[in-house]
file work-v6.csv (CSV, C-alpha atoms)
chain,number,residue,atom,x,y,z
N,1,MET,CA,0.0,0.0,0.0
N,2,GLU,CA,3.0,2.3,0.3
N,3,CYS,CA,3.0,3.0,-3.5
N,4,MET,CA,-0.6,4.1,-3.2
N,5,SER,CA,-0.1,6.5,-0.3
N,6,SER,CA,3.0,7.9,-2.0
N,7,PHE,CA,1.4,8.4,-5.4
N,8,PHE,CA,-1.8,10.0,-4.1
N,9,ALA,CA,0.0,11.9,-1.2
N,10,LEU,CA,-2.1,10.2,1.4
N,11,SER,CA,-1.3,9.1,5.0
N,12,SER,CA,-1.2,5.4,5.7
N,13,SER,CA,-4.3,5.8,7.9
N,14,GLN,CA,-6.3,6.9,4.9
N,15,ILE,CA,-5.8,3.6,3.1
N,16,THR,CA,-7.2,0.5,4.9
N,17,TYR,CA,-7.6,-3.2,4.0
N,18,CYS,CA,-8.5,-6.5,5.6
N,19,GLY,CA,-5.2,-8.2,5.3
N,20,LEU,CA,-1.9,-8.7,3.5
N,21,LYS,CA,-1.6,-10.7,0.3
N,22,ASP,CA,1.2,-12.9,-0.9
N,23,GLU,CA,3.6,-11.0,-3.0
N,24,GLU,CA,4.3,-14.0,-5.2
N,25,GLY,CA,0.7,-14.6,-6.2
N,26,ILE,CA,-1.9,-12.9,-8.5
N,27,THR,CA,-4.3,-11.6,-5.9
N,28,THR,CA,-7.4,-9.4,-5.7
N,29,GLN,CA,-8.7,-7.6,-2.6
N,30,GLU,CA,-10.9,-4.7,-1.6
N,31,VAL,CA,-9.1,-1.5,-0.4
N,32,SER,CA,-10.7,1.5,1.2
N,33,ILE,CA,-9.4,5.0,0.3
N,34,LYS,CA,-11.0,7.6,2.6
N,35,VAL,CA,-10.8,10.4,0.1
N,36,HIS,CA,-12.2,10.8,-3.4
N,37,ILE,CA,-9.8,9.8,-6.1
N,38,PRO,CA,-10.7,11.2,-9.6
N,39,ASP,CA,-10.9,8.8,-12.5
N,40,GLU,CA,-8.0,10.5,-14.2
N,41,ALA,CA,-5.8,10.0,-11.1
N,42,LEU,CA,-6.7,6.3,-11.1
N,43,GLU,CA,-5.8,6.0,-14.8
N,44,ARG,CA,-2.4,7.7,-14.2
N,45,PHE,CA,-1.7,5.4,-11.2
N,46,ASN,CA,-2.6,2.2,-13.2
N,47,ALA,CA,-0.4,3.4,-16.1
N,48,THR,CA,2.5,4.1,-13.8
N,49,MET,CA,2.2,0.7,-12.0
N,50,TYR,CA,1.8,-1.2,-15.3
N,51,ALA,CA,5.2,0.2,-16.4
N,52,SER,CA,6.8,-0.8,-13.1
N,53,SER,CA,7.5,-4.1,-11.4
N,54,ALA,CA,4.6,-3.7,-9.0
N,55,TYR,CA,1.7,-4.7,-11.4
N,56,ILE,CA,-1.0,-3.1,-9.3
N,57,GLU,CA,-4.3,-2.0,-10.8
N,58,LEU,CA,-7.0,-0.1,-9.0
N,59,THR,CA,-10.7,-0.3,-10.0
N,60,TYR,CA,-13.4,1.8,-8.4
N,61,ILE,CA,-16.3,-0.5,-7.2
N,62,GLY,CA,-18.4,1.8,-5.0
N,63,GLN,CA,-18.7,3.2,-1.5
N,64,SER,CA,-19.3,1.3,1.8
N,65,ASN,CA,-17.9,1.0,5.3
N,66,SER,CA,-14.1,1.0,5.3
N,67,GLN,CA,-12.1,-2.3,5.2
N,68,GLU,CA,-10.3,-3.0,8.4
N,69,ILE,CA,-7.9,-5.6,9.7
N,70,GLY,CA,-9.8,-8.5,11.3
N,71,LYS,CA,-12.9,-8.2,9.1
N,72,LEU,CA,-11.8,-10.7,6.4
N,73,LEU,CA,-13.6,-14.1,6.6
N,74,GLY,CA,-11.4,-16.0,4.3
N,75,ASN,CA,-9.7,-16.3,0.9
N,76,ALA,CA,-10.5,-18.4,-2.2
N,77,PHE,CA,-7.5,-19.9,-4.1
N,78,THR,CA,-7.0,-21.5,-7.5
N,79,VAL,CA,-3.5,-23.0,-7.7
N,80,THR,CA,-1.7,-24.8,-10.5
N,81,LEU,CA,1.0,-27.3,-9.5
N,82,ARG,CA,3.6,-27.9,-12.2
N,83,ASN,CA,6.4,-30.3,-13.0
N,84,LEU,CA,4.4,-33.3,-11.7
N,85,SER,CA,5.0,-36.9,-12.7
N,86,GLY,CA,2.1,-38.9,-14.3
N,87,ASP,CA,1.4,-40.7,-11.1
N,88,ASP,CA,1.3,-37.5,-9.1
N,89,ALA,CA,-1.1,-35.9,-11.6
N,90,GLU,CA,-3.3,-39.0,-11.4
N,91,ALA,CA,-3.4,-38.8,-7.6
N,92,PHE,CA,-4.5,-35.2,-7.9
N,93,SER,CA,-7.1,-36.1,-10.5
N,94,GLU,CA,-8.8,-38.4,-8.0
N,95,ILE,CA,-9.6,-35.4,-5.6
N,96,HIS,CA,-13.3,-34.7,-6.1
N,97,LYS,CA,-14.4,-32.2,-3.4
N,98,ARG,CA,-12.7,-33.9,-0.5
N,99,ASP,CA,-12.3,-32.5,3.0
N,100,TYR,CA,-8.8,-32.3,4.4
N,101,ALA,CA,-7.4,-31.3,7.8
N,102,PHE,CA,-3.9,-29.8,8.0
N,103,LEU,CA,-1.5,-28.2,10.5
N,104,ASN,CA,-2.2,-24.5,10.7
N,105,TYR,CA,1.4,-23.3,10.5
N,106,TYR,CA,2.5,-19.8,9.6
N,107,ASP,CA,4.2,-20.3,6.4
N,108,TYR,CA,7.6,-19.0,5.1
N,109,GLN,CA,6.1,-15.7,3.7
N,110,ARG,CA,5.6,-14.6,7.3
N,111,PHE,CA,9.3,-14.6,7.8
N,112,GLY,CA,10.7,-12.7,4.9
N,113,ILE,CA,10.4,-10.9,1.6
N,114,PRO,CA,10.7,-13.0,-1.6
N,115,GLY,CA,14.3,-13.0,-2.8
N,116,TYR,CA,15.7,-12.0,0.6
N,117,PRO,CA,16.8,-13.9,3.8
N,118,GLN,CA,14.0,-15.0,6.0
N,119,VAL,CA,14.9,-12.9,9.1
N,120,THR,CA,11.7,-10.9,9.7
N,121,HIS,CA,11.1,-12.9,13.0
N,122,LEU,CA,14.6,-12.2,14.1
N,123,LEU,CA,14.1,-8.5,13.4
N,124,GLY,CA,10.9,-8.6,15.5
N,125,LYS,CA,12.8,-10.1,18.4
N,126,ALA,CA,15.5,-7.4,18.2
N,127,LEU,CA,12.9,-4.7,18.3
N,128,LEU,CA,11.3,-6.3,21.4
N,129,ASP,CA,14.7,-6.5,23.0
N,130,GLN,CA,15.2,-2.8,22.1
N,131,ASP,CA,18.5,-3.8,20.3
N,132,TYR,CA,18.1,-1.2,17.6
N,133,GLN,CA,21.6,-1.6,16.1
N,134,ARG,CA,20.9,-5.3,15.4
N,135,ALA,CA,17.4,-4.5,14.3
N,136,PHE,CA,18.6,-2.1,11.7
N,137,LYS,CA,21.2,-4.6,10.3
N,138,LEU,CA,18.4,-7.2,10.0
N,139,TYR,CA,16.1,-4.5,8.5
N,140,ARG,CA,18.6,-3.9,5.7
N,141,LEU,CA,19.3,-7.6,5.3
N,142,SER,CA,15.6,-8.4,4.9
N,143,GLY,CA,15.1,-6.1,1.9
N,144,ASN,CA,12.9,-3.6,3.7
N,145,THR,CA,15.1,-0.6,2.9
N,146,LYS,CA,17.9,0.6,0.6
N,147,ILE,CA,19.3,3.0,3.3
N,148,ASP,CA,22.9,2.1,3.9
N,149,SER,CA,23.1,3.6,7.4
N,150,VAL,CA,21.3,5.9,9.9
N,151,LYS,CA,22.9,7.9,12.7
N,152,ASP,CA,20.3,6.9,15.2
N,153,PRO,CA,18.7,3.5,14.7
N,154,GLU,CA,16.5,3.9,17.8
N,155,LYS,CA,15.0,7.2,16.4
N,156,PHE,CA,14.6,5.5,13.0
N,157,PHE,CA,12.4,2.7,14.4
N,158,THR,CA,10.5,4.8,16.9
N,159,SER,CA,9.8,7.8,14.7
N,160,ASP,CA,10.5,7.0,11.0
N,161,VAL,CA,9.1,3.5,10.4
N,162,ASP,CA,5.3,3.0,10.1
N,163,ALA,CA,4.0,1.5,13.4
N,164,ARG,CA,2.0,-1.1,11.5
N,165,LYS,CA,5.2,-2.4,9.9
N,166,LEU,CA,6.8,-2.6,13.3
N,167,SER,CA,3.8,-4.6,14.5
N,168,PHE,CA,4.2,-7.0,11.6
N,169,PHE,CA,7.9,-7.7,12.5
N,170,LYS,CA,6.9,-8.3,16.2
N,171,ASN,CA,4.1,-10.6,15.1
N,172,ALA,CA,6.5,-12.5,12.9
N,173,TYR,CA,8.5,-13.3,16.0
N,174,SER,CA,5.3,-14.5,17.8
N,175,SER,CA,4.5,-16.6,14.8
N,176,SER,CA,7.9,-18.3,14.9
N,177,ILE,CA,7.4,-19.2,18.6
N,178,TRP,CA,3.9,-20.5,17.8
N,179,ASN,CA,5.2,-22.7,14.9
N,180,ASN,CA,7.9,-24.1,17.2
N,181,GLU,CA,5.3,-25.1,19.8
N,182,LEU,CA,3.2,-26.8,17.2
N,183,MET,CA,6.2,-28.7,15.9
N,184,TYR,CA,6.9,-29.8,19.4
N,185,LEU,CA,3.4,-31.1,19.8
N,186,VAL,CA,3.6,-33.0,16.4
N,187,GLN,CA,7.0,-34.5,17.4
N,188,ARG,CA,5.6,-35.7,20.8
N,189,ASN,CA,2.2,-37.0,19.6
N,190,VAL,CA,2.6,-38.2,16.0
N,191,PRO,CA,4.7,-41.4,15.4
N,192,ASN,CA,5.8,-40.8,11.9
N,193,THR,CA,6.4,-37.3,10.5
N,194,VAL,CA,8.2,-35.6,7.6
N,195,ILE,CA,10.7,-32.7,8.0
N,196,ASP,CA,10.3,-30.1,5.3
N,197,ASP,CA,13.0,-27.4,5.2
N,198,SER,CA,12.7,-26.6,1.4
N,199,THR,CA,11.6,-23.0,2.1
N,200,GLY,CA,14.5,-22.1,4.4
N,201,ILE,CA,12.2,-22.5,7.5
N,202,THR,CA,11.8,-25.9,9.1
N,203,TYR,CA,8.4,-27.6,9.4
N,204,ARG,CA,7.3,-31.0,10.6
N,205,PHE,CA,4.4,-32.4,8.7
N,206,CYS,CA,2.1,-35.4,9.2
N,207,LYS,CA,2.0,-38.2,6.6
N,208,ASN,CA,-1.7,-38.6,6.6
N,209,LEU,CA,-4.9,-37.1,7.9
N,210,LYS,CA,-5.3,-39.6,10.7
N,211,ASP,CA,-2.1,-38.4,12.2
N,212,VAL,CA,-3.2,-34.8,11.9
N,213,LEU,CA,-6.3,-35.5,13.9
N,214,LEU,CA,-4.2,-37.0,16.7
N,215,LEU,CA,-3.4,-33.5,17.7
N,216,LEU,CA,-7.0,-32.8,18.6
N,217,ARG,CA,-6.3,-34.7,21.8
N,218,GLN,CA,-4.1,-31.7,22.8
N,219,GLY,CA,-6.9,-29.2,22.4
N,220,ASP,CA,-8.0,-26.8,19.7
N,221,ASN,CA,-5.7,-23.9,20.0
N,222,LEU,CA,-2.3,-22.6,21.0
N,223,PRO,CA,-1.9,-19.2,22.6
N,224,TYR,CA,0.3,-16.5,21.2
N,225,LEU,CA,1.1,-12.8,21.9
N,226,LYS,CA,-0.4,-10.5,19.2
N,227,TYR,CA,1.0,-7.0,18.5
N,228,ASP,CA,-0.7,-4.0,17.1
N,229,VAL,CA,0.0,-0.2,17.1
N,230,GLN,CA,-1.5,0.1,20.6
N,231,GLY,CA,0.6,-2.7,22.2
N,232,SER,CA,0.1,-6.4,22.6
N,233,HIS,CA,-2.6,-8.8,23.8
N,234,GLN,CA,-3.0,-12.5,24.3
N,235,SER,CA,-4.7,-14.4,21.4
N,236,GLU,CA,-5.2,-17.9,20.1
N,237,ARG,CA,-4.7,-19.7,16.8
N,238,SER,CA,-6.2,-23.0,15.8
N,239,LEU,CA,-3.9,-26.0,15.7
N,240,ILE,CA,-5.7,-27.5,12.8
N,241,THR,CA,-7.7,-26.1,9.9
N,242,HIS,CA,-9.8,-28.0,7.4
N,243,THR,CA,-10.9,-27.2,3.9
N,244,ARG,CA,-12.6,-28.8,1.0
N,245,VAL,CA,-10.4,-29.1,-2.1
N,246,GLU,CA,-11.3,-30.0,-5.6
N,247,CYS,CA,-9.0,-30.8,-8.6
N,248,LEU,CA,-10.4,-28.8,-11.5
N,249,ASN,CA,-8.2,-30.5,-14.2
N,250,THR,CA,-4.9,-32.1,-15.0
N,251,SER,CA,-3.0,-31.7,-18.3
N,252,ASP,CA,0.4,-31.7,-19.9
N,253,ASP,CA,2.7,-29.1,-18.5
N,254,GLU,CA,3.7,-26.7,-21.3
N,255,ARG,CA,6.6,-25.3,-19.1
N,256,HIS,CA,8.2,-28.7,-18.3
N,257,ALA,CA,8.8,-31.4,-20.9
N,258,ASN,CA,7.2,-34.8,-20.3
N,259,CYS,CA,5.5,-33.5,-17.1
N,260,LYS,CA,2.0,-32.9,-15.9
N,261,ASN,CA,0.2,-30.1,-14.0
N,262,ALA,CA,-2.8,-30.1,-11.8
N,263,THR,CA,-5.1,-27.2,-10.9
N,264,VAL,CA,-6.9,-27.2,-7.6
N,265,THR,CA,-9.3,-24.9,-5.9
N,266,PHE,CA,-10.2,-24.4,-2.2
N,267,ILE,CA,-11.2,-21.8,0.4
N,268,LEU,CA,-9.3,-21.1,3.7
N,269,PRO,CA,-10.2,-19.0,6.7
N,270,SER,CA,-8.5,-15.7,7.2
N,271,GLY,CA,-4.9,-16.0,8.5
N,272,CYS,CA,-4.3,-19.5,7.0
N,273,TYR,CA,-1.7,-20.1,4.4
N,274,ALA,CA,-2.5,-21.8,1.1
N,275,THR,CA,1.2,-22.7,0.6
N,276,THR,CA,1.4,-24.8,3.8
N,277,PHE,CA,-1.8,-26.5,2.9
N,278,ILE,CA,-0.6,-27.4,-0.6
N,279,ARG,CA,2.7,-28.7,0.7
N,280,GLN,CA,0.9,-30.9,3.3
N,281,LEU,CA,-1.6,-32.1,0.7
N,282,CYS,CA,1.3,-33.2,-1.5
N,283,THR,CA,2.9,-34.9,1.5
N,284,CYS,CA,-0.4,-36.8,2.2
N,285,LEU,CA,-0.7,-37.8,-1.5
N,286,MET,CA,2.9,-38.9,-1.6
N,287,HIS,CA,2.3,-41.3,1.3
N,288,GLN,CA,-1.1,-42.3,0.0
N,289,GLY,CA,-2.8,-40.9,3.1
N,290,THR,CA,-5.5,-38.8,1.7
N,291,TYR,CA,-8.3,-40.1,4.0
N,292,PRO,CA,-11.4,-38.3,2.9
N,293,PHE,CA,-13.8,-37.6,5.8
N,294,VAL,CA,-17.2,-38.6,4.6
N,295,CYS,CA,-18.0,-42.4,4.6
N,296,CYS,CA,-21.7,-42.9,5.5
N,297,THR,CA,-24.5,-41.5,7.6
N,298,ARG,CA,-25.4,-43.2,10.9
N,299,LYS,CA,-27.1,-42.2,14.1
N,300,LEU,CA,-25.1,-41.0,17.1
N,301,PRO,CA,-23.6,-43.9,19.0
N,302,ASP,CA,-24.9,-44.4,22.5
N,303,GLU,CA,-21.4,-44.1,24.0
N,304,LEU,CA,-21.0,-40.6,22.6
N,305,THR,CA,-24.2,-39.2,24.3
N,306,ASN,CA,-24.5,-37.5,27.6
N,307,CYS,CA,-20.8,-37.7,28.6
N,308,ASN,CA,-18.7,-35.3,30.6
N,309,LEU,CA,-16.0,-33.8,28.4
N,310,SER,CA,-16.4,-31.4,25.5
N,311,CYS,CA,-15.1,-31.9,22.0
N,312,SER,CA,-15.0,-29.6,19.0
N,313,PHE,CA,-15.6,-30.6,15.4
N,314,HIS,CA,-13.8,-29.6,12.2
N,315,SER,CA,-17.0,-29.9,10.1
N,316,ILE,CA,-20.5,-29.3,11.4
N,317,GLN,CA,-23.3,-28.6,9.0
N,318,ALA,CA,-27.0,-29.1,8.4
N,319,ILE,CA,-28.3,-31.6,5.9
N,320,ASN,CA,-32.1,-32.0,5.3
N,321,GLY,CA,-32.8,-30.2,8.6
N,322,SER,CA,-30.6,-32.5,10.7
N,323,ILE,CA,-27.3,-31.3,12.2
N,324,ILE,CA,-24.4,-33.6,11.4
N,325,ALA,CA,-20.8,-33.7,12.6
N,326,ILE,CA,-17.8,-35.2,10.9
N,327,VAL,CA,-15.4,-36.7,13.5
N,328,PRO,CA,-12.3,-38.9,13.6
N,329,SER,CA,-12.5,-42.5,14.6
N,330,TRP,CA,-10.5,-42.2,17.8
N,331,ILE,CA,-13.4,-40.5,19.4
N,332,LYS,CA,-15.3,-43.8,19.4
N,333,GLY,CA,-15.6,-45.0,23.0
N,334,LYS,CA,-14.1,-41.8,24.4
N,335,CYS,CA,-16.0,-39.6,26.9
N,336,PHE,CA,-17.2,-36.5,25.0
N,337,ARG,CA,-20.3,-34.5,25.5
N,338,LEU,CA,-22.2,-34.3,22.2
N,339,PRO,CA,-25.8,-32.9,21.7
N,340,GLU,CA,-28.3,-35.8,21.2
N,341,SER,CA,-29.5,-34.0,18.1
N,342,LEU,CA,-26.3,-34.6,16.3
N,343,LEU,CA,-25.9,-37.3,13.6
N,344,VAL,CA,-22.3,-38.5,12.8
N,345,LEU,CA,-21.4,-38.4,9.2
N,346,GLY,CA,-18.7,-41.0,8.9
N,347,PHE,CA,-15.9,-42.0,11.1
N,348,VAL,CA,-12.4,-41.9,9.6
call {"tool": "encode", "arguments": {"input": "work-v6.csv", "output": "structure tokens"}}
result
Amino acid sequence: MECMSSFFALSSSQITYCGLKDEEGITTQEVSIKVHIPDEALERFNATMYASSAYIELTYIGQSNSQEIGKLLGNAFTVTLRNLSGDDAEAFSEIHKRDYAFLNYYDYQRFGIPGYPQVTHLLGKALLDQDYQRAFKLYRLSGNTKIDSVKDPEKFFTSDVDARKLSFFKNAYSSSIWNNELMYLVQRNVPNTVIDDSTGITYRFCKNLKDVLLLLRQGDNLPYLKYDVQGSHQSERSLITHTRVECLNTSDDERHANCKNATVTFILPSGCYATTFIRQLCTCLMHQGTYPFVCCTRKLPDELTNCNLSCSFHSIQAINGSIIAIVPSWIKGKCFRLPESLLVLGFV
């Protein structure tokens, strides 16, 4: 948004949005500009951006309440995976609107700008430690500025840098702590895992959906400290997220000889990363552990009614007027309190 505020001579508070988008994707989002921008100015902006590396285009769509951080419900994705073998493409082609659960990691974009070292979380820690000399070195290293040096790094961060950007760096540090706690839970509770460090940040993935669901025994969320321009407050993030994915098509990959591609579509809640879902989906397919949720419809088993502990579900919906829940098989015989009106749609 910095290019917009600079071009139209606006303050950062006059341009608002619901969330950040991946710099490496083709994305669309609604943005609120709290002043009137003439059509001619929009055309000049679009022409300028088209000639630059930013590739940003603004289109006027109307007037409404302003967009704000936290108001976004989710994001829809269409992703094409390339350079696949024939077997890989066939595995994707068999995905017809399946539900998948996956570990809700913050992915590598959270920790750096494309093409630069992933040190954003280290920068956040330096700011929290008030080590401004180290923070400035990491700031330059991360690609956030072309300034070679400043006389007073403390003044630079406390006066010159946008407070929202500082919050982003501090939240990156909180995100790295949260990821490490999730990896610890996976290591302790899942017998067979896969280490993925292909992005420069280390992750521990499960080989199949059944292993992902083992983590529900540890609870639904992990706490983390969230930062904003006013300060910090305690928040929570779901350990596991689930989505419904569909393979739209597979075909020959025109960019890689003798290879295939697959295009998939899915929707994720706000704050979830499509890239970590895709990598975990590929891990499941590679280990033939896709495990779709829905098997059949049956009445609620007696042992799951009127018990003493609570349980949350990753898919609850209404079908023909009856509320149903999709639950993992390890719940069978356990003590969970479920409403008697629930039907269980398949154990997996």
call {"tool": "atom_distance", "arguments": {"input": "work-v6.csv", "atom1": "atom CA of Ile56 of chain N", "atom2": "atom CA of Ser5 of chain N"}}
result
13.2 Å
call {"tool": "residues_around", "arguments": {"input": "work-v6.csv", "residues": "Gly86 of chain N", "least_positions_apart": "4", "cutoff": "7 Å", "atoms": "all atoms listed in the file", "output": "list in words"}}
result
Glu90, Cys259 and Lys260 of chain N
call {"tool": "residues_around", "arguments": {"input": "work-v6.csv", "residues": "Ser235 of chain N", "least_positions_apart": "2", "cutoff": "9 Å", "atoms": "only C-alpha atoms", "output": "list of chain:residue names"}}
result
N:Leu222, N:Pro223, N:Tyr224, N:Leu225, N:Lys226, N:His233, N:Arg237
call {"tool": "write_last_selection", "arguments": {"input": "work-v6.csv", "atoms": "C-alpha atoms", "output": "PDB file, keeping the file's coordinate frame"}}
result
ATOM      1  CA  LEU N 222      -2.300 -22.600  21.000  1.00  0.00           C
ATOM      2  CA  PRO N 223      -1.900 -19.200  22.600  1.00  0.00           C
ATOM      3  CA  TYR N 224       0.300 -16.500  21.200  1.00  0.00           C
ATOM      4  CA  LEU N 225       1.100 -12.800  21.900  1.00  0.00           C
ATOM      5  CA  LYS N 226      -0.400 -10.500  19.200  1.00  0.00           C
ATOM      6  CA  HIS N 233      -2.600  -8.800  23.800  1.00  0.00           C
ATOM      7  CA  ARG N 237      -4.700 -19.700  16.800  1.00  0.00           C
TER       8      ARG N 237
END
call {"tool": "residues_around", "arguments": {"input": "work-v6.csv", "residues": "segment 140-149 of chain N", "least_positions_apart": "5", "cutoff": "7 Å", "atoms": "all atoms listed in the file", "output": "MDAnalysis selection string"}}
result
chainID N and resid 112:113 116:120
call {"tool": "atom_distance", "arguments": {"input": "work-v6.csv", "atom1": "atom CA of Glu236 of chain N", "atom2": "atom CA of Ile201 of chain N"}}
result
22.0 Å
